[in-house]
Structure formats: structure tokens, C-alpha cells
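A.B. asks: Please find protein-v6.txt (compact mmCIF, C-alpha atoms) on the next line:
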# COMPACT_ATOMS: atom_id res chain seq x y z
CA MET A 257 78.31 -4.70 98.97
CA ASN A 258 79.81 -1.88 101.03
CA ASP A 259 81.61 -0.54 97.98
CA ARG A 260 78.38 -0.46 95.98
CA ARG A 261 76.56 1.23 98.86
CA SER A 262 79.24 3.90 99.22
CA GLU A 263 79.16 4.52 95.47
CA ARG A 264 75.37 4.97 95.51
CA ASP A 265 75.48 7.27 98.54
CA ALA A 266 78.14 9.50 96.96
CA PRO A 267 76.78 12.76 95.45
CA LEU A 268 76.29 12.65 91.69
CA LYS A 269 78.20 15.17 89.64
CA SER A 270 75.76 17.33 87.69
CA ASP A 271 76.62 18.21 84.10
CA PRO A 272 75.32 21.77 83.49
CA ALA A 273 75.19 21.23 79.74
CA LYS A 274 73.24 18.00 80.17
CA LEU A 275 70.82 19.64 82.61
CA GLU A 276 70.23 22.54 80.23
CA GLU A 277 69.71 20.24 77.28
CA GLY A 278 67.37 17.96 79.23
CA LEU A 279 65.20 20.87 80.38
CA ARG A 280 65.13 22.37 76.91
CA ALA A 281 64.17 19.04 75.35
CA LEU A 282 61.29 18.56 77.79
CA VAL A 283 60.02 22.11 77.25
CA GLU A 284 60.13 21.57 73.48
CA LEU A 285 58.32 18.24 73.87
CA ILE A 286 55.49 19.92 75.76
CA ALA A 287 55.29 22.69 73.16
CA ARG A 288 55.03 20.02 70.47
CA LEU A 289 52.24 18.24 72.34
CA ARG A 290 50.35 21.53 72.60
CA SER A 291 50.88 22.47 68.94
CA PRO A 292 48.28 21.97 66.17
CA GLU A 293 50.38 19.02 64.99
CA GLY A 294 50.55 17.56 68.49
CA CYS A 295 48.10 15.75 70.76
CA PRO A 296 44.37 16.68 70.78
CA TRP A 297 44.09 15.66 74.43
CA ASP A 298 47.02 17.83 75.53
CA ARG A 299 45.68 20.79 73.52
CA ALA A 300 42.27 20.41 75.18
CA GLN A 301 43.65 20.66 78.73
CA LYS A 302 42.81 23.71 80.82
CA ARG A 303 44.80 25.13 83.72
CA GLU A 304 42.39 23.74 86.30
CA ASP A 305 42.75 20.28 84.73
CA ILE A 306 46.52 20.37 85.05
CA GLY A 307 46.14 21.76 88.58
CA ARG A 308 44.21 18.66 89.63
CA TYR A 309 46.80 16.38 88.06
CA LEU A 310 49.54 18.40 89.75
CA ILE A 311 48.04 17.70 93.19
CA GLU A 312 47.78 13.99 92.39
CA GLU A 313 51.39 13.88 91.25
CA ALA A 314 52.53 15.72 94.39
CA TYR A 315 50.90 13.03 96.52
CA GLU A 316 52.58 10.34 94.46
CA VAL A 317 55.90 12.06 95.17
CA LEU A 318 55.10 11.85 98.89
CA GLU A 319 54.42 8.13 98.53
CA ALA A 320 57.67 7.65 96.61
CA LEU A 321 59.57 9.37 99.41
CA GLU A 322 58.57 6.46 101.62
CA SER A 323 59.85 3.90 99.11
CA PRO A 324 63.34 2.43 99.50
CA LEU A 325 63.75 2.59 95.72
CA PRO A 326 65.30 5.84 94.44
CA GLU A 327 63.95 5.02 90.99
CA ALA A 328 60.40 5.45 92.28
CA LEU A 329 61.14 8.98 93.49
CA GLN A 330 62.97 9.81 90.27
CA GLU A 331 59.95 8.80 88.21
CA GLU A 332 57.43 10.70 90.33
CA LEU A 333 59.58 13.83 90.39
CA GLY A 334 59.64 13.63 86.60
CA ASP A 335 55.85 13.43 86.46
CA LEU A 336 55.54 16.40 88.81
CA LEU A 337 58.06 18.45 86.83
CA PHE A 338 56.22 17.65 83.61
CA HIS A 339 53.00 19.18 84.94
CA ILE A 340 54.81 22.26 86.27
CA LEU A 341 56.39 22.81 82.87
CA PHE A 342 53.04 22.14 81.20
CA LEU A 343 51.47 24.98 83.20
CA ALA A 344 54.37 27.26 82.31
CA GLU A 345 53.87 26.47 78.62
CA MET A 346 50.17 27.29 78.88
CA ALA A 347 51.08 30.63 80.49
CA ARG A 348 53.53 31.35 77.67
CA GLU A 349 50.86 30.61 75.07
CA SER A 350 48.45 33.04 76.75
CA GLY A 351 51.15 35.73 77.03
CA ASP A 352 51.16 35.81 80.85
CA PHE A 353 54.76 34.71 81.46
CA ASP A 354 57.22 32.03 80.38
CA LEU A 355 59.47 29.48 82.06
CA ALA A 356 62.41 31.88 82.07
CA GLY A 357 60.30 34.28 84.13
CA VAL A 358 59.38 31.49 86.56
CA LEU A 359 63.01 30.52 87.02
CA GLU A 360 64.24 34.07 87.52
CA ALA A 361 61.43 34.91 89.94
CA ILE A 362 62.07 31.92 92.22
CA ARG A 363 65.83 32.48 92.08
CA ALA A 364 65.41 36.12 93.10
CA LYS A 365 62.97 35.14 95.88
CA MET A 366 65.31 32.55 97.38
CA ILE A 367 68.22 35.01 97.33
CA ARG A 368 66.04 37.62 98.99
CA ARG A 369 64.81 35.19 101.66
CA HIS A 370 68.31 33.92 102.50
CA PRO A 371 70.13 37.12 103.50
CA HIS A 372 72.34 35.06 105.83
CA VAL A 373 73.70 33.25 102.77
CA PHE A 374 73.64 35.93 100.08
CA GLY A 375 73.90 39.02 102.30
CA ASP A 376 75.38 40.27 105.54
CA THR A 377 72.67 39.08 107.96
CA ARG A 378 73.99 37.08 110.90
CA ILE A 379 72.04 34.20 112.42
CA ASN A 380 72.41 31.96 115.46
CA GLY A 381 70.49 28.95 114.23
CA VAL A 382 67.38 27.61 112.53
CA ASP A 383 64.98 29.71 114.62
CA ASP A 384 66.61 32.89 113.37
CA VAL A 385 66.25 31.68 109.78
CA ARG A 386 62.54 31.01 110.28
CA ARG A 387 61.92 34.41 111.89
CA ASN A 388 63.82 36.21 109.14
CA TRP A 389 61.85 34.28 106.52
CA GLU A 390 58.51 35.34 108.00
CA GLU A 391 59.60 38.97 108.32
CA ILE A 392 60.72 39.04 104.70
CA LYS A 393 57.41 37.53 103.62
CA LYS A 394 55.60 40.32 105.45
CA ASP A 395 57.75 42.91 103.69
CA GLU A 396 56.84 41.26 100.39
CA GLY A 397 53.18 41.59 101.25
CA LYS A 398 52.79 37.82 101.53
CA GLY A 399 53.02 37.52 105.28
CA GLU A 400 50.02 36.67 107.39
CA ARG A 401 47.73 39.51 108.35
CA GLU A 402 47.97 40.46 112.02
CA GLY A 403 45.49 38.41 114.00
CA SER A 404 44.72 36.07 111.09
CA LEU A 405 45.80 32.46 111.50
CA MET A 406 44.45 31.42 108.12
CA ALA A 407 46.06 34.08 105.94
CA GLY A 408 48.51 32.78 103.39
CA LEU A 409 47.51 29.11 103.75
CA PRO A 410 46.87 27.40 100.38
CA ARG A 411 43.20 26.49 99.89
CA SER A 412 44.28 23.10 98.57
CA LEU A 413 45.86 22.04 101.87
CA THR A 414 44.31 18.94 103.36
CA THR A 415 42.38 19.51 106.58
CA LEU A 416 45.03 17.65 108.59
CA ALA A 417 47.80 19.83 107.20
CA ARG A 418 45.73 22.99 107.68
CA VAL A 419 45.03 22.15 111.33
CA GLN A 420 48.71 21.51 111.97
CA ARG A 421 49.78 24.76 110.29
CA VAL A 422 47.10 26.88 112.02
CA THR A 423 47.74 25.48 115.50
CA GLY A 424 51.47 25.90 114.92
CA ARG A 425 50.89 29.57 114.21
CA ALA A 426 48.71 29.86 117.31
CA SER A 427 51.51 28.29 119.34
CA GLU A 428 53.91 30.98 118.13
CA GLN A 429 51.51 33.51 119.65
CA GLY A 430 51.60 31.68 123.00
CA PHE A 431 48.24 29.92 122.56
CA ASP A 432 49.13 26.30 123.25
CA TRP A 433 49.42 23.56 125.82
CA PRO A 434 52.52 23.76 128.02
CA ASP A 435 53.64 20.22 127.16
CA THR A 436 52.64 16.92 125.54
CA ALA A 437 50.99 15.74 128.76
CA GLY A 438 48.51 18.60 128.42
CA VAL A 439 47.58 17.49 124.90
CA ILE A 440 47.09 13.89 126.02
CA GLU A 441 44.91 15.07 128.89
CA LYS A 442 42.81 17.09 126.43
CA LEU A 443 42.54 14.08 124.11
CA GLU A 444 41.28 11.92 126.98
CA GLU A 445 38.77 14.65 127.84
CA GLU A 446 37.47 14.73 124.27
CA ILE A 447 37.15 10.94 124.18
CA ALA A 448 35.17 11.06 127.44
CA GLU A 449 32.85 13.67 125.89
CA PHE A 450 32.39 11.46 122.84
CA ARG A 451 31.44 8.56 125.13
CA GLY A 452 28.84 10.81 126.75
CA ALA A 453 27.37 11.72 123.35
CA LEU A 454 27.40 8.05 122.34
CA LYS A 455 25.57 7.05 125.51
CA ALA A 456 22.96 9.75 124.89
CA GLY A 457 22.52 8.60 121.30
CA ASP A 458 23.14 12.16 120.08
CA ALA A 459 24.50 11.80 116.52
CA GLY A 460 25.17 15.52 116.15
CA ARG A 461 27.22 15.70 119.32
CA MET A 462 29.07 12.51 118.39
CA ALA A 463 30.14 14.09 115.09
CA GLU A 464 31.24 17.26 116.88
CA GLU A 465 33.20 15.39 119.55
CA ALA A 466 34.79 13.13 116.92
CA GLY A 467 36.02 16.29 115.20
CA ASP A 468 37.47 17.55 118.46
CA ILE A 469 39.25 14.21 118.95
CA LEU A 470 40.80 14.44 115.48
CA PHE A 471 41.76 18.08 116.01
CA THR A 472 43.50 17.26 119.29
CA ALA A 473 45.21 14.23 117.76
CA VAL A 474 46.76 16.50 115.11
CA ASN A 475 48.11 18.68 117.90
CA LEU A 476 49.57 15.58 119.52
CA CYS A 477 51.40 14.91 116.25
CA ARG A 478 52.71 18.48 116.26
CA PHE A 479 54.03 18.13 119.81
CA ALA A 480 55.68 14.86 118.83
CA GLY A 481 57.36 16.57 115.89
CA ALA A 482 55.44 14.35 113.47
CA ASP A 483 53.60 15.39 110.33
CA ALA A 484 49.95 14.49 110.85
CA GLU A 485 49.31 13.84 107.16
CA ALA A 486 52.33 11.56 106.82
CA SER A 487 51.50 9.79 110.10
CA LEU A 488 47.95 9.04 108.98
CA ARG A 489 49.14 7.93 105.55
CA ALA A 490 51.64 5.54 107.18
CA ALA A 491 48.92 4.17 109.48
CA LEU A 492 46.67 3.59 106.47
CA GLN A 493 49.49 1.77 104.69
CA ARG A 494 50.07 -0.46 107.72
CA PHE A 495 46.37 -1.25 107.87
CA THR A 496 46.10 -2.08 104.16
CA ASP A 497 49.23 -4.24 104.33
CA ARG A 498 47.86 -6.18 107.31
CA PHE A 499 44.40 -6.51 105.77
CA SER A 500 45.92 -7.72 102.51
CA HIS A 501 47.88 -10.34 104.46
CA ILE A 502 44.68 -11.48 106.19
CA GLU A 503 42.85 -11.64 102.85
CA LYS A 504 45.58 -13.81 101.32
CA ALA A 505 45.67 -16.11 104.35
CA LEU A 506 41.88 -16.55 104.27
CA ALA A 507 41.88 -17.00 100.49
CA GLY A 508 44.25 -19.92 100.97
CA GLN A 509 41.53 -21.48 103.13
CA GLY A 510 38.80 -20.68 100.62
CA LYS A 511 37.38 -17.95 102.86
CA ARG A 512 36.82 -14.20 102.81
CA PRO A 513 37.03 -11.65 105.67
CA VAL A 514 33.21 -11.42 105.72
CA ASP A 515 32.75 -15.18 106.11
Could I get this file's structure written as C-alpha cells?
C.D. replies:
Amino acid sequence: MNDRRSERDAPLKSDPAKLEEGLRALVELIARLRSPEGCPWDRAQKREDIGRYLIEEAYEVLEALESPLPEALQEELGDLLFHILFLAEMARESGDFDLAGVLEAIRAKMIRRHPHVFGDTRINGVDDVRRNWEEIKKDEGKGEREGSLMAGLPRSLTTLARVQRVTGRASEQGFDWPDTAGVIEKLEEEIAEFRGALKAGDAGRMAEEAGDILFTAVNLCRFAGADAEASLRAALQRFTDRFSHIEKALAGQGKRPVD
């Protein structure tokens, strides 16, 4: 058992020729699907269609990351890569750019944003890397505008992720609680305000206070070093697992949860 574990944990040796051939074969497959002799459904796809599928596949990758089975992640990464290459093929067909351009652009960007690896810049740790990264983004014209917390955030971010990113940026500007106790105190304050709205029967205020509770809870995740989206997804999984167990137990008694 230990020998098999150590073999699985050992890094795989990549074969450059096999990688190149595999990528080429997948690109050619997509081109065939998009050709007049290919698949009508694939030819009918628009960029926005593939964009929606891309988001779905990205979430499936996140779920696979939580699986103990490496095969699950391998499969989902393949699905995600397929849609990325599909978009690149559509861009090639329209004359915008091709996959070679995508690869060269990201390679150049990563070299540019890692001057401590590919240049002479000296760093003293992760914080220096992050600061350098943000400064380079600003020089590229992609950095956040001064005074704007929302600039540069993808529109497709979930609200939980957006809150965590925005409040993280605010924290970098010194706008934050001093410690986790301060966040918990604020959360208790928001819950008390929700109770007041509930007692008054004010639906509008209840919705507003519920939003404040959620907002503060995301900040609590940030202080705990936890990803709010992943934390909520894990909580949902625990709930569904427990509910499924209850359903099965009741079904064995000829009952349902509503009985």
C-alpha cells in the first residue's frame, strides 16, 4: 500500500512530444467539428453560448477539486480545456487571433509579471510578489483605478466572491476591522438588527439586514483565511448529504420528510 501511494504521489514525467501531439489532435478535432463536414450543433454555437458552458465547466472543476479521485479532476480539466480551445478556434475562424497567439500572450505576461524569476528583481516573500504583481498590472493599464474598488473585477464573479475581493481591496487601504473579534461583534450587531426588523414585521428592513448579515459573514470568512464561495459550497454539500441520509432512513420506514 505504501509503495503504491508513493508511486502515485511521485511527479509524472511529461513527454513534450506527447503533449504537443495531444494538443494538436484536440485542436484538429475541434476544427473538424466546426467544419461543414462536422457537427451542425457545434457549428451553430456562438461565443456567448460557449462562455456559459465555460462557466459551468469551471464550477465542475471546483467540485472535482474536492473529490479524492484524481480521475474526476482530470476529466473536468479536459472539459474546461475543450471549451477554451473551442473559443480559440472560433476566434481563428473570425480572423481575430489563433491559439498560438493565446499561448504566446500568456507566456509573455507570466514572464513579465514574475521579474523575480525571469529578471533581476529581489523579493523577501509572498507579500512582495503580490505588490509587484499589482504594480505591473497598473503599468499594463489593467490595474484598478485609484479610488475604485470594483475596477478590474470580472462581471461573472459570484456575489460572494465579489464581496470577498472588494473587501479585501478595502482592507489593503486600511478600511477594515482590527481583528476577527471585531467582525464577530459586527455580525452579532447585524443579527440583532434583523431581529428588530422581524419583530416590527418590516419585510424591507428584514431583507436589508439579511444582506448585511451575509456581507459580514463573508468578511468573517476572509479573516479566517477561508474562501466564502468554497465554504458555502461545502456547507451545502454537508446539508444535502445529511438530508439524503434522512430521506433514505425515512424511506426505509415508508415515510417522507414531509410526513
A.B. asks: Considering only C-alpha atoms, tabulate each residue of stretch 315-387 of chain A that lies at most 9 Å from stretch 483-504 of chain A along with its nearest interatomic pair and the corresponding distance in Å to one decimal; arrange the rows by chain and ascending residue number and present them as a Markdown table.
C.D. replies:
| residue | atom | partner | partner_atom | distance |
| --- | --- | --- | --- | --- |
| A:Leu318 | CA | A:Ala486 | CA | 8.4 |
| A:Glu319 | CA | A:Arg489 | CA | 8.8 |
| A:Glu322 | CA | A:Ala490 | CA | 8.9 |
A.B. asks: Could the residues in this selection be written to a file with C-alpha atoms, as a PDB file, in the frame of the given file?
C.D. replies:
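Everything below was put into result_22.pdb:
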ATOM      1  CA  LEU A 318      55.100  11.850  98.890  1.00  0.00           C
ATOM      2  CA  GLU A 319      54.420   8.130  98.530  1.00  0.00           C
ATOM      3  CA  GLU A 322      58.570   6.460 101.620  1.00  0.00           C
TER       4      GLU A 322
END
A.B. asks: For A:Ala473, list every protein, DNA or RNA residue within 10 Å, evaluated using all atoms listed in the file, and leave out those in the same chain fewer than 2 positions away; present the list as a VMD selection string.
C.D. replies: chain A and resid 416 420 439 to 440 442 to 443 467 to 471 475 to 479 484
A.B. asks: Could you please take those selected residues and save C-alpha atoms as a PDB file, in the frame of the given file?
C.D. replies:
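Wrote it out as out01.pdb, contents follow:
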ATOM      1  CA  LEU A 416      45.030  17.650 108.590  1.00  0.00           C
ATOM      2  CA  GLN A 420      48.710  21.510 111.970  1.00  0.00           C
ATOM      3  CA  VAL A 439      47.580  17.490 124.900  1.00  0.00           C
ATOM      4  CA  ILE A 440      47.090  13.890 126.020  1.00  0.00           C
ATOM      5  CA  LYS A 442      42.810  17.090 126.430  1.00  0.00           C
ATOM      6  CA  LEU A 443      42.540  14.080 124.110  1.00  0.00           C
ATOM      7  CA  GLY A 467      36.020  16.290 115.200  1.00  0.00           C
ATOM      8  CA  ASP A 468      37.470  17.550 118.460  1.00  0.00           C
ATOM      9  CA  ILE A 469      39.250  14.210 118.950  1.00  0.00           C
ATOM     10  CA  LEU A 470      40.800  14.440 115.480  1.00  0.00           C
ATOM     11  CA  PHE A 471      41.760  18.080 116.010  1.00  0.00           C
ATOM     12  CA  ASN A 475      48.110  18.680 117.900  1.00  0.00           C
ATOM     13  CA  LEU A 476      49.570  15.580 119.520  1.00  0.00           C
ATOM     14  CA  CYS A 477      51.400  14.910 116.250  1.00  0.00           C
ATOM     15  CA  ARG A 478      52.710  18.480 116.260  1.00  0.00           C
ATOM     16  CA  PHE A 479      54.030  18.130 119.810  1.00  0.00           C
ATOM     17  CA  ALA A 484      49.950  14.490 110.850  1.00  0.00           C
TER      18      ALA A 484
END
A.B. asks: If I take atom CA of A:Thr436 and atom CA of A:Phe450, how far is one from the other in Å, to one decimal?
C.D. replies: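 We find that atom CA of A:Thr436 and atom CA of A:Phe450 lie 21.1 Å from each other.
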A.B. asks: Tell me, in Å to one decimal, how far atom CA of A:Glu313 is from atom CA of A:Leu341.
C.D. replies: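 Atom-to-atom, atom CA of A:Glu313 and atom CA of A:Leu341 are spaced 13.2 Å apart.
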A.B. asks: Could you check how far atom CA of A:Arg369 sits from atom CA of A:Ala407, in Å to one decimal?
C.D. replies: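 These atoms are spaced 19.3 Å apart.
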A.B. asks: Given only C-alpha atoms as the basis, pick out the residue of A:Thr423, A:Met366, A:Ala314, A:Glu441 nearest to A:Ile392.
C.D. replies: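 With only C-alpha atoms as the atom set, the closest residue is A:Met366.
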A.B. asks: For each of A:Glu390, A:Ala448, A:Glu284, A:Pro296, take the minimum atom-to-atom distance to A:Ala344, counting all atoms listed in the file, then give the residue where this is smallest.
C.D. replies: A:Glu284
A.B. asks: Could you tell me which of A:Pro513, A:Asn388, A:Tyr315, A:Arg303 comes closest to A:Leu413 if we count all atoms listed in the file?
C.D. replies: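 The closest residue to A:Leu413 is A:Tyr315.
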A.B. asks: Mind checking which residues fall within 12 Å of A:Ala347, counting all atoms listed in the file, ignoring those fewer than 3 positions away in the same chain, and posting them as JSON, numbers by chain?
C.D. replies: {"A": [287, 302, 303, 340, 341, 342, 343, 344, 350, 351, 352, 353, 354, 355, 356, 357, 358]}
A.B. asks: Please return as a PDB file with C-alpha atoms, in the frame of the given file every residue within 12 Å of (49.6, 26.5, 120.3), taking into account all atoms listed in the file and the file's own coordinates.
C.D. replies:
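Wrote result16.pdb, looks like this:
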ATOM      1  CA  LEU A 405      45.800  32.460 111.500  1.00  0.00           C
ATOM      2  CA  VAL A 419      45.030  22.150 111.330  1.00  0.00           C
ATOM      3  CA  GLN A 420      48.710  21.510 111.970  1.00  0.00           C
ATOM      4  CA  ARG A 421      49.780  24.760 110.290  1.00  0.00           C
ATOM      5  CA  VAL A 422      47.100  26.880 112.020  1.00  0.00           C
ATOM      6  CA  THR A 423      47.740  25.480 115.500  1.00  0.00           C
ATOM      7  CA  GLY A 424      51.470  25.900 114.920  1.00  0.00           C
ATOM      8  CA  ARG A 425      50.890  29.570 114.210  1.00  0.00           C
ATOM      9  CA  ALA A 426      48.710  29.860 117.310  1.00  0.00           C
ATOM     10  CA  SER A 427      51.510  28.290 119.340  1.00  0.00           C
ATOM     11  CA  GLU A 428      53.910  30.980 118.130  1.00  0.00           C
ATOM     12  CA  GLN A 429      51.510  33.510 119.650  1.00  0.00           C
ATOM     13  CA  GLY A 430      51.600  31.680 123.000  1.00  0.00           C
ATOM     14  CA  PHE A 431      48.240  29.920 122.560  1.00  0.00           C
ATOM     15  CA  ASP A 432      49.130  26.300 123.250  1.00  0.00           C
ATOM     16  CA  TRP A 433      49.420  23.560 125.820  1.00  0.00           C
ATOM     17  CA  PRO A 434      52.520  23.760 128.020  1.00  0.00           C
ATOM     18  CA  ASP A 435      53.640  20.220 127.160  1.00  0.00           C
ATOM     19  CA  THR A 436      52.640  16.920 125.540  1.00  0.00           C
ATOM     20  CA  GLY A 438      48.510  18.600 128.420  1.00  0.00           C
ATOM     21  CA  VAL A 439      47.580  17.490 124.900  1.00  0.00           C
ATOM     22  CA  THR A 472      43.500  17.260 119.290  1.00  0.00           C
ATOM     23  CA  VAL A 474      46.760  16.500 115.110  1.00  0.00           C
ATOM     24  CA  ASN A 475      48.110  18.680 117.900  1.00  0.00           C
ATOM     25  CA  LEU A 476      49.570  15.580 119.520  1.00  0.00           C
ATOM     26  CA  ARG A 478      52.710  18.480 116.260  1.00  0.00           C
ATOM     27  CA  PHE A 479      54.030  18.130 119.810  1.00  0.00           C
TER      28      PHE A 479
END
A.B. asks: Nearest to A:Glu396 among A:Thr414, A:Met462, A:Lys365, A:Gln330, with distances taken over all atoms listed in the file: which residue is it?
C.D. replies: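 With all atoms listed in the file as the atom set, the closest residue is A:Lys365.
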